[in-house]
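S.K.: Quick one: structure below, then a few questions.
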Amino acid sequence: MTRMQNAGPEERSAFVRNPRPLISQAVEESLRAAGRLDYLSPAGEEEAIEAVAGPVLVETREYSERVTGIAVYAKPTLDVLQGSGTTWLPEYFTDLVVQALSRMTGQALADLCGAVHDAMTSGKETVDVAGQALPATSETLRALQVRQEMRAREEQEQPTPTSNDQPDDCAPTKGPVIIETKDNFEDLHWRPKRGQRISQIDLSAPSGIATSLKQHQTESLSWQMDAWSAGLPGVLNADEQGLGKTLQTIAFLRWLKSLLLNESGLTA
């Protein structure tokens, strides 16, 4: 890999198009240096090299069908890949307050932090945000400070347009060469081939979990169980910080363990 990273564009492009020859060459050099090809016939050498190089690159038909070609890497510009602008907030922050905070500039958030601090110092219990009474507590202040710091960074990182900026529709001519594949960022271009794991399955919450799951955690658990039952290879649980992703995962693993033990005739 180090060799390819330092190679010229043509060599890297050739590697992306067909990595098998270079992988076999690297394996052969390593085996020969270690003396593992000594005294072998040409056929024996080829067999020894393939035994090591073969498992290194396994290309499935499903993946091959997704490949559309090779291209110079261009940084994605999809909005979904940018910062979401959200961070964890205490549960007592109402939707109206959250919406108001999302529209505030970094300076406005800094002013609000100051107002909360002043209220705490003077003994005032709440501050007004979007017509809502927000508790003037250290937890509120810290949450607002985190939001303000994040907003300030976003404002600093916003690019300044210049006349030399490359047009969005102009493909880059230099950079890493990568394999282009069909994706589902904007439209559904491909579906993974999968089969249902179990037709009859108990989707009730598992026993043995000491902490009671809240409604959103129960919904997440059901989603994970449904995904596994449908044959999906995995899921991405990207809920906000503090909403119990770890508990959801523990509950799912407990459910899966019980299910697999029951299928094998064992008990937990």
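Following the order of the structure tokens, chains are lettered A, B, ..., residues in each are numbered from 1, and ligands are numbered from 1.
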Using only C-alpha atoms, determine which residues lie at most 9 Å from Tyr92 in chain A, disregarding the query and same-chain residues fewer than 3 positions distant; provide the list as number ranges by chain.
M.R.: A: 89, 134-135
S.K.: For the selection you just gave me, I'd like the residues written to a file as a compact mmCIF listing (two decimals), in the first residue's frame, keeping N, CA and C atoms.
M.R.:
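The new file part16.txt reads:
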# COMPACT_ATOMS: atom_id res chain seq x y z
N LEU A 89 -29.05 18.28 23.73
CA LEU A 89 -29.62 19.30 24.61
C LEU A 89 -30.47 18.60 25.67
N LEU A 134 -36.89 29.05 30.14
CA LEU A 134 -35.80 28.08 30.15
C LEU A 134 -35.10 28.15 31.51
N PRO A 135 -34.98 27.02 32.22
CA PRO A 135 -34.36 27.04 33.55
C PRO A 135 -32.95 27.61 33.51
S.K.: Using DSSP on the backbone coordinates, identify all residues within range 26-252 of chain A classified as strand (DSSP E or B); present the result as a PDB file with C-alpha atoms, in the first residue's frame.
M.R.:
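The resulting states.pdb:
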ATOM      1  CA  VAL A  67     -18.615  -0.694 -10.180  1.00  0.00           C
ATOM      2  CA  THR A  68     -19.078   1.858 -12.964  1.00  0.00           C
ATOM      3  CA  GLY A  69     -15.454   2.807 -13.647  1.00  0.00           C
ATOM      4  CA  ILE A  70     -12.555   4.742 -12.162  1.00  0.00           C
ATOM      5  CA  ALA A  71     -12.153   8.469 -11.599  1.00  0.00           C
ATOM      6  CA  VAL A  72     -10.121  11.076  -9.773  1.00  0.00           C
ATOM      7  CA  THR A 126     -35.573  31.159  34.321  1.00  0.00           C
ATOM      8  CA  VAL A 127     -34.725  33.129  31.193  1.00  0.00           C
ATOM      9  CA  ASP A 128     -37.019  33.725  28.246  1.00  0.00           C
ATOM     10  CA  VAL A 129     -36.235  32.067  24.909  1.00  0.00           C
ATOM     11  CA  GLN A 132     -40.496  29.805  26.649  1.00  0.00           C
ATOM     12  CA  ALA A 133     -39.190  29.778  30.212  1.00  0.00           C
ATOM     13  CA  LEU A 134     -35.797  28.082  30.152  1.00  0.00           C
ATOM     14  CA  PRO A 135     -34.360  27.036  33.550  1.00  0.00           C
ATOM     15  CA  VAL A 177      -7.662   7.553  -8.399  1.00  0.00           C
ATOM     16  CA  ILE A 178     -10.621   5.645  -6.966  1.00  0.00           C
ATOM     17  CA  ILE A 179     -13.188   3.109  -8.091  1.00  0.00           C
ATOM     18  CA  GLU A 180     -16.554   4.642  -8.922  1.00  0.00           C
ATOM     19  CA  THR A 181     -19.564   2.664  -7.751  1.00  0.00           C
TER      20      THR A 181
END
S.K.: Would you mind telling me which residue in A:Ala227, A:Leu213, A:Ala143, A:Ile198 lies nearest to Leu259 in chain A when using only C-alpha atoms?
M.R.: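 Of all the options, A:Ile198 lies closest to Leu259 in chain A.
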S.K.: Find the residues near Gln145 in chain A: any atom within 8 Å, counting only C-alpha atoms, skip ones fewer than 3 places away on the same chain, and give them as a ChimeraX atom specification.
M.R.: /A:109-110,113,141-142,148-149
S.K.: Restricting the output to C-alpha atoms, write the selected residues as an mmCIF file, in the first residue's frame.
M.R.:
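This is the output file result_11.cif:
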data_model
loop_
_atom_site.group_PDB
_atom_site.id
_atom_site.type_symbol
_atom_site.label_atom_id
_atom_site.label_comp_id
_atom_site.auth_asym_id
_atom_site.auth_seq_id
_atom_site.Cartn_x
_atom_site.Cartn_y
_atom_site.Cartn_z
ATOM 1 C CA LEU A 109 -25.899 32.368 21.529
ATOM 2 C CA ALA A 110 -23.047 34.014 23.426
ATOM 3 C CA CYS A 113 -25.175 32.322 27.679
ATOM 4 C CA LEU A 141 -25.533 27.080 30.573
ATOM 5 C CA ARG A 142 -23.187 24.261 29.602
ATOM 6 C CA GLN A 148 -22.355 28.459 20.864
ATOM 7 C CA GLU A 149 -18.838 27.056 20.431
#
S.K.: Write down as a ChimeraX atom specification the residues of range 54-232 of chain A whose backbone DSSP state falls under helix (DSSP H, G or I).
M.R.: /A:54-56,61-66,79-81,95-103,106-122,138-157,215-229
S.K.: Using only C-alpha atoms, determine which residues lie at most 9 Å from Pro90 in chain A, disregarding the query and same-chain residues fewer than 2 positions distant; provide the list as a list in words.
M.R.: Trp88, Tyr92, Phe93, Glu139, Thr140, Ala143 and Gly242 of chain A
S.K.: Using only C-alpha atoms, which protein or nucleic acid residues come within 8 Å of Ala230 in chain A? Drop anything in the same chain fewer than 4 positions from it, and give the result as a ChimeraX atom specification.
M.R.: /A:194-198,226
S.K.: May I have the residues from that selection written out with C-alpha atoms, as a JSON list (two decimals), in the first residue's frame?
M.R.:
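File written: out05.json
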[["chain", "number", "residue", "atom", "x", "y", "z"],
["A", 194, "ARG", "CA", -30.29, -10.57, 1.09],
["A", 195, "GLY", "CA", -32.59, -13.26, 2.37],
["A", 196, "GLN", "CA", -34.84, -13.34, 5.40],
["A", 197, "ARG", "CA", -33.03, -15.02, 8.27],
["A", 198, "ILE", "CA", -36.02, -16.41, 10.16],
["A", 226, "ASP", "CA", -36.70, -6.09, 12.16]]
S.K.: Would you list the contacts of range 39-54 of chain A as number ranges by chain, taking every protein, DNA or RNA residue within 12 Å and counting only C-alpha atoms, but skipping same-chain residues closer than 4 positions in sequence?
M.R.: A: 19-32, 35, 58-59
S.K.: Give me a file of those residues, with N, CA and C atoms, as an mmCIF file, in the first residue's frame.
M.R.:
data_model
loop_
_atom_site.group_PDB
_atom_site.id
_atom_site.type_symbol
_atom_site.label_atom_id
_atom_site.label_comp_id
_atom_site.auth_asym_id
_atom_site.auth_seq_id
_atom_site.Cartn_x
_atom_site.Cartn_y
_atom_site.Cartn_z
ATOM 1 N N PRO A 19 -5.989 -4.810 -9.354
ATOM 2 C CA PRO A 19 -4.972 -4.921 -8.304
ATOM 3 C C PRO A 19 -4.334 -6.297 -8.194
ATOM 4 N N ARG A 20 -4.933 -7.313 -8.812
ATOM 5 C CA ARG A 20 -4.461 -8.683 -8.620
ATOM 6 C C ARG A 20 -2.987 -8.890 -8.986
ATOM 7 N N PRO A 21 -2.491 -8.422 -10.154
ATOM 8 C CA PRO A 21 -1.083 -8.673 -10.496
ATOM 9 C C PRO A 21 -0.103 -8.080 -9.486
ATOM 10 N N LEU A 22 -0.360 -6.862 -9.028
ATOM 11 C CA LEU A 22 0.566 -6.230 -8.093
ATOM 12 C C LEU A 22 0.502 -6.887 -6.714
ATOM 13 N N ILE A 23 -0.685 -7.349 -6.323
ATOM 14 C CA ILE A 23 -0.794 -8.070 -5.053
ATOM 15 C C ILE A 23 0.004 -9.365 -5.122
ATOM 16 N N SER A 24 -0.148 -10.092 -6.224
ATOM 17 C CA SER A 24 0.596 -11.343 -6.392
ATOM 18 C C SER A 24 2.098 -11.084 -6.422
ATOM 19 N N GLN A 25 2.502 -9.991 -7.072
ATOM 20 C CA GLN A 25 3.923 -9.652 -7.137
ATOM 21 C C GLN A 25 4.473 -9.351 -5.748
ATOM 22 N N ALA A 26 3.717 -8.585 -4.957
ATOM 23 C CA ALA A 26 4.165 -8.246 -3.607
ATOM 24 C C ALA A 26 4.249 -9.489 -2.728
ATOM 25 N N VAL A 27 3.278 -10.385 -2.878
ATOM 26 C CA VAL A 27 3.295 -11.629 -2.100
ATOM 27 C C VAL A 27 4.484 -12.489 -2.498
ATOM 28 N N GLU A 28 4.741 -12.569 -3.794
ATOM 29 C CA GLU A 28 5.874 -13.366 -4.263
ATOM 30 C C GLU A 28 7.188 -12.824 -3.711
ATOM 31 N N GLU A 29 7.365 -11.504 -3.749
ATOM 32 C CA GLU A 29 8.596 -10.906 -3.231
ATOM 33 C C GLU A 29 8.769 -11.207 -1.747
ATOM 34 N N SER A 30 7.671 -11.147 -0.997
ATOM 35 C CA SER A 30 7.739 -11.411 0.436
ATOM 36 C C SER A 30 8.069 -12.875 0.714
ATOM 37 N N LEU A 31 7.411 -13.786 0.000
ATOM 38 C CA LEU A 31 7.663 -15.218 0.207
ATOM 39 C C LEU A 31 9.081 -15.598 -0.211
ATOM 40 N N ARG A 32 9.543 -14.998 -1.304
ATOM 41 C CA ARG A 32 10.880 -15.328 -1.780
ATOM 42 C C ARG A 32 11.940 -14.814 -0.808
ATOM 43 N N GLY A 35 12.320 -17.087 2.032
ATOM 44 C CA GLY A 35 12.797 -18.423 1.710
ATOM 45 C C GLY A 35 11.710 -19.465 1.590
ATOM 46 N N VAL A 58 -10.990 -10.501 -2.537
ATOM 47 C CA VAL A 58 -12.153 -11.309 -2.900
ATOM 48 C C VAL A 58 -13.199 -10.370 -3.479
ATOM 49 N N GLU A 59 -13.438 -10.482 -4.762
ATOM 50 C CA GLU A 59 -14.390 -9.606 -5.436
ATOM 51 C C GLU A 59 -15.659 -10.390 -5.734
#
S.K.: Rank A:Asp38, A:Gly175, A:Ser212, A:Asn262 by their smallest atom-to-atom distance to Lys75 in chain A, using only C-alpha atoms, and report the top residue only.
M.R.: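 Once distances to Lys75 in chain A are computed over only C-alpha atoms, the minimum belongs to A:Gly175.
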S.K.: Please indicate the distance in Å from CA of Gly244 in chain A to CA of Ala210 in chain A, rounded to one decimal place.
M.R.: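 Answer for the CA of Gly244 in chain A to CA of Ala210 in chain A separation: 13.8 Å.
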S.K.: Just to confirm, what's the straight-line distance from CA of Ala74 in chain A to CA of Lys193 in chain A in Å (one decimal)?
M.R.: 28.5 Å
